[in-house]
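Below is model_25.cif, holding mmCIF, C-alpha atoms.
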data_target
#
loop_
_atom_site.label_atom_id
_atom_site.label_comp_id
_atom_site.auth_asym_id
_atom_site.auth_seq_id
_atom_site.Cartn_x
_atom_site.Cartn_y
_atom_site.Cartn_z
CA MET A 1 49.32 47.36 25.56
CA ALA A 2 52.56 46.46 27.29
CA THR A 3 52.33 49.67 29.30
CA VAL A 4 48.74 48.92 30.32
CA ARG A 5 49.73 45.42 31.40
CA GLY A 6 52.62 46.88 33.39
CA VAL A 7 50.33 49.32 35.21
CA ARG A 8 47.88 46.55 36.01
CA ARG A 9 50.70 44.36 37.34
CA LEU A 10 52.00 47.15 39.57
CA PHE A 11 48.51 47.87 40.81
CA ARG A 12 47.96 44.21 41.71
CA ILE A 13 51.26 44.11 43.62
CA GLY A 14 50.43 47.34 45.42
CA CYS A 15 46.89 46.34 46.27
CA TYR A 16 48.10 43.03 47.67
CA ALA A 17 50.70 44.75 49.86
CA THR A 18 48.19 47.25 51.23
CA ARG A 19 45.25 44.91 51.70
CA GLN A 20 47.33 42.49 53.75
CA ASN A 21 47.39 45.14 56.48
CA PRO A 22 44.18 46.39 58.10
CA THR A 23 45.70 49.84 58.62
CA SER A 24 45.31 50.47 54.90
CA THR A 25 41.54 50.85 55.30
CA ALA A 26 41.21 54.48 56.27
CA PRO A 27 37.92 56.31 56.92
CA ARG A 28 36.47 57.84 53.78
CA PHE A 29 35.86 61.12 55.57
CA LEU A 30 39.59 61.85 55.47
CA GLN A 31 40.28 65.11 53.72
CA GLN A 32 40.03 64.39 50.02
CA ARG A 33 43.27 65.03 48.15
CA GLU A 34 43.29 65.89 44.50
CA PHE A 35 43.24 62.70 42.42
CA ARG A 36 44.82 63.01 39.01
CA VAL A 37 45.92 60.17 36.77
CA ASN A 38 46.82 61.88 33.51
CA GLY A 39 49.75 63.93 34.86
CA VAL A 40 50.46 67.42 36.10
CA HIS A 41 51.41 68.87 32.74
CA ARG A 42 48.40 68.71 30.46
CA GLN A 43 48.73 69.59 26.80
CA GLU A 44 47.53 73.12 26.13
CA PRO A 45 44.87 73.70 23.46
CA PHE A 46 46.44 73.82 20.01
CA ASP A 47 46.91 77.34 18.66
CA SER A 48 48.51 77.43 15.19
CA SER A 49 48.88 81.21 15.30
CA VAL A 50 51.43 81.09 18.11
CA GLU A 51 55.02 80.72 16.93
CA LYS A 52 56.22 78.28 19.55
CA PRO A 53 56.60 74.50 19.74
CA GLN A 54 53.26 72.70 19.84
CA PHE A 55 54.74 69.23 20.35
CA PRO A 56 52.83 67.32 23.08
CA GLY A 57 55.97 65.71 24.55
CA ALA A 58 57.76 68.71 26.05
CA SER A 59 57.44 72.34 27.10
CA ALA A 60 60.09 74.47 25.38
CA GLU A 61 60.95 77.33 23.07
CA PHE A 62 62.48 77.34 19.59
CA ILE A 63 66.13 78.30 19.08
CA GLU A 64 68.02 78.97 15.85
CA GLN A 65 71.50 77.89 16.91
CA LEU A 66 72.73 74.30 16.93
CA GLU A 67 73.68 73.47 20.50
CA PHE A 68 73.85 70.22 22.45
CA ILE A 69 72.99 70.29 26.13
CA LYS A 70 76.04 69.62 28.27
CA PRO A 71 75.73 66.84 30.90
CA ASN A 72 76.67 69.16 33.80
CA VAL A 73 74.85 72.41 33.21
CA ILE A 74 75.17 73.38 36.88
CA ALA A 75 78.05 73.16 39.34
CA GLY A 76 76.44 70.21 41.12
CA ILE A 77 73.41 69.68 43.33
CA PRO A 78 74.31 70.95 46.81
CA VAL A 79 74.32 68.69 49.88
CA TYR A 80 71.86 69.76 52.57
CA ARG A 81 73.10 69.46 56.15
CA VAL A 82 72.07 70.66 59.60
CA MET A 83 75.11 69.73 61.73
CA ASP A 84 78.79 70.08 60.98
CA ARG A 85 81.19 67.22 61.71
CA GLN A 86 81.56 68.37 65.32
CA GLY A 87 77.82 68.12 65.91
CA GLN A 88 77.25 71.89 65.92
CA ILE A 89 74.00 73.20 64.43
CA ILE A 90 74.94 75.42 61.49
CA ASN A 91 71.65 77.25 60.95
CA PRO A 92 69.40 77.34 64.07
CA SER A 93 66.29 77.64 61.89
CA GLU A 94 67.01 74.15 60.50
CA ASP A 95 67.34 72.52 63.93
CA PRO A 96 64.49 69.98 64.15
CA GLN A 97 64.20 70.76 67.88
CA LEU A 98 63.83 67.13 68.85
CA SER A 99 63.41 66.30 72.51
CA LYS A 100 66.19 64.78 74.59
CA GLU A 101 64.29 61.49 74.69
CA ALA A 102 63.93 61.42 70.91
CA VAL A 103 67.62 62.13 70.32
CA LEU A 104 68.71 59.54 72.88
CA ASN A 105 66.46 56.98 71.22
CA MET A 106 68.08 57.75 67.87
CA TYR A 107 71.56 57.37 69.31
CA GLN A 108 70.78 54.15 71.15
CA LYS A 109 69.22 52.58 68.06
CA MET A 110 72.22 53.56 65.93
CA THR A 111 74.70 52.11 68.41
CA LEU A 112 72.61 49.00 69.07
CA LEU A 113 72.56 48.33 65.33
CA ASN A 114 76.34 48.77 65.28
CA THR A 115 76.75 46.29 68.13
CA MET A 116 74.45 43.73 66.49
CA ASP A 117 76.41 44.09 63.26
CA ARG A 118 79.72 43.35 64.94
CA ILE A 119 78.46 40.24 66.70
CA LEU A 120 76.64 38.79 63.69
CA TYR A 121 79.56 39.55 61.38
CA GLU A 122 81.89 37.63 63.69
CA SER A 123 79.38 34.79 63.99
CA GLN A 124 79.45 34.38 60.21
CA ARG A 125 83.23 34.38 60.24
CA GLN A 126 83.04 31.58 62.82
CA GLY A 127 80.73 29.55 60.59
CA ARG A 128 77.64 29.97 62.76
CA ILE A 129 75.53 31.65 60.08
CA SER A 130 75.94 31.50 56.32
CA PHE A 131 75.99 35.17 55.33
CA TYR A 132 75.79 38.71 56.69
CA MET A 133 75.82 42.36 55.59
CA THR A 134 76.81 45.14 58.00
CA ASN A 135 75.47 48.68 58.12
CA TYR A 136 78.65 50.40 59.33
CA GLY A 137 78.67 54.10 58.50
CA GLU A 138 75.10 54.24 57.21
CA GLU A 139 73.26 54.22 60.54
CA GLY A 140 72.26 57.87 60.14
CA THR A 141 70.37 57.21 56.91
CA HIS A 142 68.34 54.44 58.60
CA ILE A 143 67.42 56.13 61.85
CA GLY A 144 66.98 59.66 60.52
CA SER A 145 64.53 58.53 57.86
CA ALA A 146 62.69 56.01 60.04
CA ALA A 147 62.09 58.63 62.74
CA ALA A 148 60.44 60.93 60.21
CA LEU A 149 57.90 58.39 58.96
CA ASP A 150 54.47 57.45 60.25
CA PRO A 151 54.31 53.87 61.60
CA SER A 152 51.59 53.12 59.04
CA ASP A 153 53.84 54.04 56.10
CA LEU A 154 54.95 51.07 54.03
CA VAL A 155 58.67 50.35 53.74
CA PHE A 156 60.37 48.62 50.82
CA GLY A 157 63.99 47.95 51.74
CA GLN A 158 66.94 46.69 49.77
CA TYR A 159 69.24 44.77 52.12
CA ARG A 160 71.01 47.40 54.21
CA GLU A 161 68.11 48.96 56.11
CA ALA A 162 68.05 46.91 59.31
CA GLY A 163 68.06 50.14 61.33
CA VAL A 164 64.69 51.16 59.90
CA LEU A 165 63.15 47.94 61.13
CA MET A 166 64.95 48.22 64.47
CA TYR A 167 63.63 51.76 64.97
CA ARG A 168 60.10 50.48 64.35
CA GLY A 169 60.45 48.00 67.20
CA PHE A 170 61.58 44.77 65.55
CA PRO A 171 63.03 42.74 68.45
CA LEU A 172 66.61 41.52 68.60
CA ASP A 173 65.24 37.99 68.97
CA MET A 174 63.58 38.29 65.56
CA PHE A 175 66.73 39.64 63.90
CA MET A 176 68.66 36.68 65.26
CA ALA A 177 65.92 34.18 64.37
CA GLN A 178 65.99 35.34 60.76
CA CYS A 179 69.78 35.18 60.46
CA TYR A 180 69.84 31.72 62.06
CA ALA A 181 66.76 30.57 60.09
CA ASN A 182 65.35 28.92 63.22
CA CYS A 183 61.78 28.00 64.13
CA ASP A 184 61.05 31.55 65.38
CA ASP A 185 61.87 33.11 62.02
CA LEU A 186 58.86 34.89 60.52
CA GLY A 187 60.06 33.75 57.10
CA LYS A 188 60.13 30.10 58.24
CA GLY A 189 63.81 29.70 57.41
CA ARG A 190 63.37 30.16 53.68
CA GLN A 191 65.43 33.31 53.17
CA MET A 192 69.12 34.15 53.30
CA PRO A 193 70.27 36.05 56.41
CA VAL A 194 69.47 39.82 56.54
CA HIS A 195 66.33 39.35 54.39
CA TYR A 196 64.05 40.67 57.11
CA GLY A 197 60.35 41.46 56.89
CA SER A 198 57.47 42.27 59.23
CA LYS A 199 53.83 42.54 58.26
CA ASP A 200 52.97 44.05 61.64
CA LEU A 201 55.57 46.80 61.22
CA ASN A 202 54.70 47.51 57.56
CA PHE A 203 58.11 46.38 56.32
CA VAL A 204 57.94 44.35 53.11
CA THR A 205 60.23 41.31 53.16
CA ILE A 206 63.55 42.00 51.48
CA SER A 207 64.22 40.31 48.15
CA SER A 208 67.70 39.51 46.82
CA PRO A 209 67.31 40.53 43.16
CA LEU A 210 68.49 44.10 42.80
CA ALA A 211 65.96 46.93 42.41
CA THR A 212 62.82 44.78 42.12
CA GLN A 213 61.37 46.70 45.09
CA ILE A 214 61.35 49.99 43.15
CA PRO A 215 58.45 49.32 40.72
CA GLN A 216 56.69 47.34 43.47
CA ALA A 217 56.82 50.42 45.69
CA ALA A 218 55.29 52.48 42.88
CA GLY A 219 52.41 50.00 42.68
CA ALA A 220 51.84 50.10 46.44
CA ALA A 221 51.89 53.92 46.50
CA TYR A 222 49.43 54.02 43.62
CA ALA A 223 47.11 51.75 45.61
CA PHE A 224 47.37 54.08 48.63
CA LYS A 225 46.41 56.99 46.40
CA ARG A 226 43.45 55.11 44.96
CA GLU A 227 42.21 54.20 48.43
CA ASN A 228 42.76 57.80 49.63
CA THR A 229 44.63 56.73 52.75
CA ASN A 230 46.83 59.11 54.66
CA ARG A 231 49.86 56.90 54.06
CA ALA A 232 53.07 57.06 52.08
CA VAL A 233 55.53 54.49 50.76
CA ILE A 234 59.29 54.76 51.18
CA CYS A 235 61.60 52.75 48.96
CA TYR A 236 65.29 52.34 49.81
CA PHE A 237 68.00 51.43 47.33
CA GLY A 238 71.67 52.09 46.60
CA GLU A 239 73.26 54.06 43.79
CA GLY A 240 74.16 50.77 42.09
CA ALA A 241 70.53 49.65 42.03
CA ALA A 242 69.67 52.97 40.36
CA SER A 243 71.44 51.62 37.26
CA GLU A 244 68.88 48.83 36.92
CA GLY A 245 66.02 49.09 34.45
CA ASP A 246 63.54 48.62 37.30
CA ALA A 247 64.65 51.99 38.70
CA HIS A 248 63.62 53.74 35.49
CA ALA A 249 60.27 51.93 35.48
CA GLY A 250 59.57 52.82 39.12
CA PHE A 251 60.58 56.47 38.74
CA ASN A 252 58.51 56.95 35.61
CA PHE A 253 55.39 55.16 36.88
CA SER A 254 55.41 57.02 40.20
CA ALA A 255 55.80 60.41 38.54
CA THR A 256 53.24 59.94 35.78
CA LEU A 257 50.71 58.31 38.14
CA GLU A 258 51.50 60.89 40.86
CA CYS A 259 52.08 58.50 43.74
CA PRO A 260 52.79 59.37 47.42
CA LEU A 261 56.23 57.77 47.35
CA ILE A 262 59.68 58.63 48.72
CA PHE A 263 62.61 57.18 46.81
CA PHE A 264 65.50 57.05 49.27
CA CYS A 265 68.87 56.40 47.64
CA ARG A 266 71.80 55.54 49.90
CA ASN A 267 74.76 56.69 47.83
CA ASN A 268 77.56 55.03 49.82
CA GLY A 269 80.28 55.22 47.19
CA TYR A 270 80.42 51.59 46.07
CA ALA A 271 78.12 49.07 44.43
CA ILE A 272 79.93 46.01 45.77
CA SER A 273 83.33 46.81 44.19
CA THR A 274 82.15 49.29 41.55
CA PRO A 275 82.93 52.91 42.55
CA THR A 276 80.59 55.71 41.59
CA ASN A 277 82.92 57.05 38.88
CA GLU A 278 82.39 53.76 37.05
CA GLN A 279 78.70 53.57 37.90
CA TYR A 280 77.48 56.81 36.30
CA ARG A 281 78.72 59.95 34.56
CA GLY A 282 76.04 62.42 35.63
CA ASP A 283 75.72 64.33 38.89
CA GLY A 284 74.74 61.41 41.09
CA ILE A 285 71.21 60.14 41.54
CA ALA A 286 69.38 63.29 42.66
CA ALA A 287 70.09 64.87 39.28
CA ARG A 288 67.87 62.26 37.64
CA GLY A 289 64.77 63.39 39.52
CA PRO A 290 63.94 66.46 37.39
CA GLY A 291 64.17 64.33 34.25
CA TYR A 292 61.29 62.24 35.57
CA GLY A 293 59.39 65.26 36.89
CA MET A 294 60.20 64.49 40.53
CA MET A 295 61.12 66.83 43.37
CA SER A 296 64.66 65.95 44.48
CA ILE A 297 67.14 66.74 47.21
CA ARG A 298 70.66 65.66 48.16
CA VAL A 299 71.44 65.40 51.87
CA ASP A 300 74.38 64.60 54.10
CA GLY A 301 73.57 61.01 55.04
CA ASN A 302 75.96 61.17 58.01
CA ASP A 303 73.86 63.98 59.51
CA VAL A 304 70.89 62.27 61.13
CA PHE A 305 69.04 65.60 61.52
CA ALA A 306 69.42 66.48 57.84
CA VAL A 307 68.05 63.05 56.89
CA TYR A 308 65.20 63.50 59.38
CA ASN A 309 64.23 66.96 58.08
CA ALA A 310 64.35 65.95 54.42
CA THR A 311 62.35 62.76 54.93
CA LYS A 312 59.77 64.43 57.13
CA GLU A 313 59.11 67.20 54.61
CA ALA A 314 59.10 64.79 51.68
CA ARG A 315 56.65 62.56 53.51
CA ARG A 316 54.35 65.48 54.34
CA ARG A 317 54.26 66.75 50.79
CA ALA A 318 54.06 63.32 49.17
CA VAL A 319 50.84 62.60 51.07
CA ALA A 320 49.36 66.09 50.75
CA GLU A 321 50.17 66.60 47.08
CA ASN A 322 50.22 63.03 45.71
CA GLN A 323 53.65 63.21 44.17
CA PRO A 324 56.92 61.28 44.49
CA PHE A 325 60.13 62.64 46.01
CA LEU A 326 63.72 61.54 45.48
CA ILE A 327 66.20 61.82 48.36
CA GLU A 328 69.86 61.06 47.71
CA ALA A 329 71.67 60.54 51.02
CA MET A 330 75.43 60.87 50.59
CA THR A 331 77.20 58.50 52.96
CA TYR A 332 79.97 55.89 53.00
CA ARG A 333 79.97 52.12 53.36
CA ILE A 334 82.65 51.52 55.99
CA GLY A 335 82.26 47.75 56.06
CA HIS A 336 82.74 45.24 53.28
CA HIS A 337 79.79 44.88 50.93
CA SER A 338 79.03 41.57 52.61
CA THR A 339 80.82 38.61 54.14
CA SER A 340 81.44 37.44 50.56
CA ASP A 341 83.48 40.56 49.81
CA ASP A 342 86.98 41.82 50.65
CA SER A 343 86.92 45.56 50.04
CA SER A 344 90.68 45.90 50.62
CA ALA A 345 91.06 44.69 47.04
CA TYR A 346 89.55 47.89 45.63
CA ARG A 347 89.96 50.67 48.23
CA SER A 348 92.62 51.79 50.68
CA VAL A 349 92.65 51.39 54.44
CA ASP A 350 93.30 55.14 54.79
CA GLU A 351 90.10 55.90 52.88
CA VAL A 352 88.03 53.68 55.14
CA ASN A 353 89.69 55.01 58.30
CA TYR A 354 88.86 58.59 57.37
CA TRP A 355 85.13 57.91 57.27
CA ASP A 356 85.27 55.68 60.34
CA LYS A 357 87.23 58.14 62.50
CA GLN A 358 86.55 61.59 61.05
CA ASP A 359 83.00 61.62 59.67
CA HIS A 360 80.90 58.91 61.29
CA PRO A 361 77.15 59.54 61.87
CA ILE A 362 77.29 58.05 65.37
CA SER A 363 80.20 60.26 66.41
CA ARG A 364 78.51 63.36 65.03
CA LEU A 365 75.32 62.75 66.98
CA ARG A 366 77.31 61.99 70.12
CA HIS A 367 79.12 65.34 69.79
CA TYR A 368 75.70 67.00 69.63
CA MET A 369 74.51 65.22 72.78
CA ASN A 370 77.72 66.01 74.64
CA ALA A 371 77.31 69.70 73.81
CA HIS A 372 73.83 69.60 75.35
CA SER A 373 75.04 67.64 78.42
CA TRP A 374 72.69 64.79 77.50
CA TRP A 375 75.33 62.07 77.42
CA SER A 376 78.49 61.37 79.38
CA GLU A 377 81.39 58.93 79.23
CA GLU A 378 79.76 56.99 82.04
CA ASP A 379 76.50 56.82 80.10
CA GLU A 380 78.43 55.59 77.07
CA ARG A 381 80.19 52.81 78.95
CA ALA A 382 77.00 51.67 80.66
CA TRP A 383 75.00 51.66 77.42
CA ARG A 384 77.67 49.82 75.44
CA LYS A 385 77.83 47.14 78.11
CA LYS A 386 74.05 46.85 78.31
CA SER A 387 73.53 46.77 74.53
CA ARG A 388 76.17 44.08 74.06
CA LYS A 389 74.51 41.99 76.77
CA MET A 390 71.13 42.37 75.03
CA VAL A 391 72.54 41.27 71.68
CA MET A 392 74.47 38.34 73.14
CA GLU A 393 71.40 37.05 75.00
CA ALA A 394 69.36 37.11 71.77
CA PHE A 395 72.28 35.55 69.91
CA GLU A 396 72.65 32.65 72.35
CA LYS A 397 68.90 32.05 72.42
CA ALA A 398 68.75 31.87 68.62
CA GLU A 399 71.57 29.33 68.48
CA ARG A 400 69.73 26.99 70.85
CA ARG A 401 66.45 27.01 68.93
CA LEU A 402 65.53 24.21 66.51
CA LYS A 403 65.24 24.73 62.78
CA PRO A 404 61.74 25.06 61.24
CA LYS A 405 59.74 21.96 60.31
CA VAL A 406 61.09 20.32 57.18
CA ASP A 407 57.56 20.08 55.74
CA LEU A 408 57.54 23.87 55.45
CA LEU A 409 59.56 23.37 52.29
CA PHE A 410 56.26 22.56 50.57
CA SER A 411 53.76 24.92 52.22
CA ASP A 412 52.58 28.46 51.46
CA VAL A 413 52.73 28.02 47.71
CA TYR A 414 49.17 26.79 47.19
CA GLN A 415 46.22 26.97 49.56
CA GLU A 416 45.94 23.20 49.23
CA MET A 417 48.97 21.10 48.39
CA THR A 418 48.88 19.81 44.82
CA PRO A 419 49.30 16.10 43.98
CA ASN A 420 52.66 16.90 42.38
CA LEU A 421 53.92 18.52 45.57
CA GLU A 422 52.60 15.63 47.66
CA LYS A 423 54.67 13.24 45.53
CA GLN A 424 57.75 15.39 45.96
CA LYS A 425 57.21 15.51 49.69
CA ASP A 426 56.83 11.72 49.97
CA ALA A 427 59.93 11.19 47.83
CA MET A 428 61.92 13.59 49.98
CA TRP A 429 61.02 11.79 53.22
CA LYS A 430 61.83 8.38 51.72
CA HIS A 431 65.24 9.71 50.70
CA VAL A 432 65.87 11.19 54.17
CA GLN A 433 64.92 7.93 55.89
CA GLN A 434 67.13 5.91 53.58
CA TYR A 435 70.16 8.14 54.16
CA LYS A 436 69.30 9.47 57.61
CA GLU A 437 72.95 9.47 58.73
CA HIS A 438 73.44 12.43 56.37
CA TYR A 439 70.39 14.42 57.52
CA PRO A 440 70.33 15.75 61.12
CA VAL A 441 66.51 15.84 61.34
CA ASP A 442 66.74 16.00 65.14
CA LEU A 443 67.81 19.63 64.75
CA PHE A 444 64.44 20.45 63.17
CA GLU A 445 61.03 20.90 64.76
CA LYS A 446 58.86 17.82 64.50
#
Please rewrite the model in this file as structure tokens.
Amino acid sequence: MATVRGVRRLFRIGCYATRQNPTSTAPRFLQQREFRVNGVHRQEPFDSSVEKPQFPGASAEFIEQLEFIKPNVIAGIPVYRVMDRQGQIINPSEDPQLSKEAVLNMYQKMTLLNTMDRILYESQRQGRISFYMTNYGEEGTHIGSAAALDPSDLVFGQYREAGVLMYRGFPLDMFMAQCYANCDDLGKGRQMPVHYGSKDLNFVTISSPLATQIPQAAGAAYAFKRENTNRAVICYFGEGAASEGDAHAGFNFSATLECPLIFFCRNNGYAISTPTNEQYRGDGIAARGPGYGMMSIRVDGNDVFAVYNATKEARRRAVAENQPFLIEAMTYRIGHHSTSDDSSAYRSVDEVNYWDKQDHPISRLRHYMNAHSWWSEEDERAWRKKSRKMVMEAFEKAERRLKPKVDLLFSDVYQEMTPNLEKQKDAMWKHVQQYKEHYPVDLFEK
């Protein structure tokens, strides 16, 4: 019964997420995909005359020798890549053959994200915003995956996927409004900085508790399958979040219910201060996929083309075949976990400098563009100047805006405010009026 209740809960979450967007209503004449609920592997008819295991829980053969399965039965899942560190295509058949305009857009989004990170990180250090998390070193995982998706696909992020939202067209003004919690913030100032969301861009608002988005994504993907829409769900998380129980629940539900879902794990080496050798003993996160019956792949997360190819193919097959895919993107978190963290306490400067100087996704893509004569030093200087100006203009505008109305503290919980909330609201305003010297209400919208 607990399992049934869990499925119903996931389905309600998924249906709510999809029905809030009109794009989820697709024409019924779309090509019908096979709809199966009871799993790919059905139990074969029982035959007592056959001397092989008839247990319904696994497909196997008998053996007569006592032997435990070793944790690493293979040398390690290989890392798929398209470019080497100098931006050279290794195997021409794997080149995605993207246009110059598409590659330039990727590069400009990656560098714009980098510029925004630097300015907002410094603004937090100056006390202008309360909190921030940078994306240094992981830009390739964001942009490569976002470019491979359909705009109608639903995104569940963790808290380090700002590039995905930026690629989809989220304006700098909105990034700044959210971090400053001003009156333009779509979340009405209720969230911590970097907890972005956009209904119009099919990006579910980020939630602080770790891994809660994973079973929610399974519910949304199941709803897409039920409605027979030509859409997929992508769910981002880190290798640390994969240790949460919600990860197990999401993996198992999506596989057994055969959902069009891409699990995208950013394995950046550290879960706050916990290194991977203290996080797990197996072969990373991709190795877990087969145990759940999922197709899996490990890619070089600093190679934007490898990320693009893997996500594009996973998306195509997830929708066509109604099955989940697990992508483990190997990358490195160059910045601190957040502004609340000092990573020098648990890793060396030399380690960070290697990834920053020798194997950065932005540098690799720039090498590729230079080799094709698509980008010059002059282009670089002009773009860096322009992008910084764009970010600073949005930054200064956000600082000047008022905070949201104080009454928004009590709205959007019930359709009509309850008597209890009305009392709380009245009590709050009486308190503010009595001690108004301590409450700068002039900084808030009236």
Self-check item: Neighbour residues at most 8 Å from (74.1, 60.7, 58.2) (only C-alpha atoms) as a ChimeraX atom specification
Solution: /A:138-141,144,300-307,329-331,360-361
Practice problem: Identify all residues satisfying the PyMOL selection byres ((chain A and resi 405) around 10) in the given file; provide them as a ChimeraX atom specification. | Solution: /A:182-183,188-189,402-404,406-409,441,443-446
Practice problem: Please identify all polymer residues within 8 Å of Tyr121 in chain A, counting all atoms listed in the file, omitting same-chain residues fewer than 3 positions from it, and present them as a VMD selection string. | Solution: chain A and resid 117 to 118 124 to 125 132 to 134 339
Quick one: write out the picked residues with C-alpha atoms as an mmCIF file, in the coordinates of the input?
data_model
loop_
_atom_site.group_PDB
_atom_site.id
_atom_site.type_symbol
_atom_site.label_atom_id
_atom_site.label_comp_id
_atom_site.auth_asym_id
_atom_site.auth_seq_id
_atom_site.Cartn_x
_atom_site.Cartn_y
_atom_site.Cartn_z
ATOM 1 C CA ASP A 117 76.410 44.090 63.260
ATOM 2 C CA ARG A 118 79.720 43.350 64.940
ATOM 3 C CA GLN A 124 79.450 34.380 60.210
ATOM 4 C CA ARG A 125 83.230 34.380 60.240
ATOM 5 C CA TYR A 132 75.790 38.710 56.690
ATOM 6 C CA MET A 133 75.820 42.360 55.590
ATOM 7 C CA THR A 134 76.810 45.140 58.000
ATOM 8 C CA THR A 339 80.820 38.610 54.140
#
Quiz item: Just so the selection is clear, what residues does the PyMOL selection byres ((chain A and resi 95-99) around 9) cover here, as an MDAnalysis selection string?
Solution: chainID A and resid 82:83 89:94 100:104 305:306 308:309
Practice problem: Could you tell me how far CA of Leu113 in chain A lies from CA of Pro151 in chain A, in Å and to one decimal? | Solution: 19.4 Å
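Among the candidate residues A:Ala255, A:Met390, A:Ala162, A:Val319, the one lying nearest to Phe224 in chain A is A:Val319, with distances computed using only C-alpha atoms.
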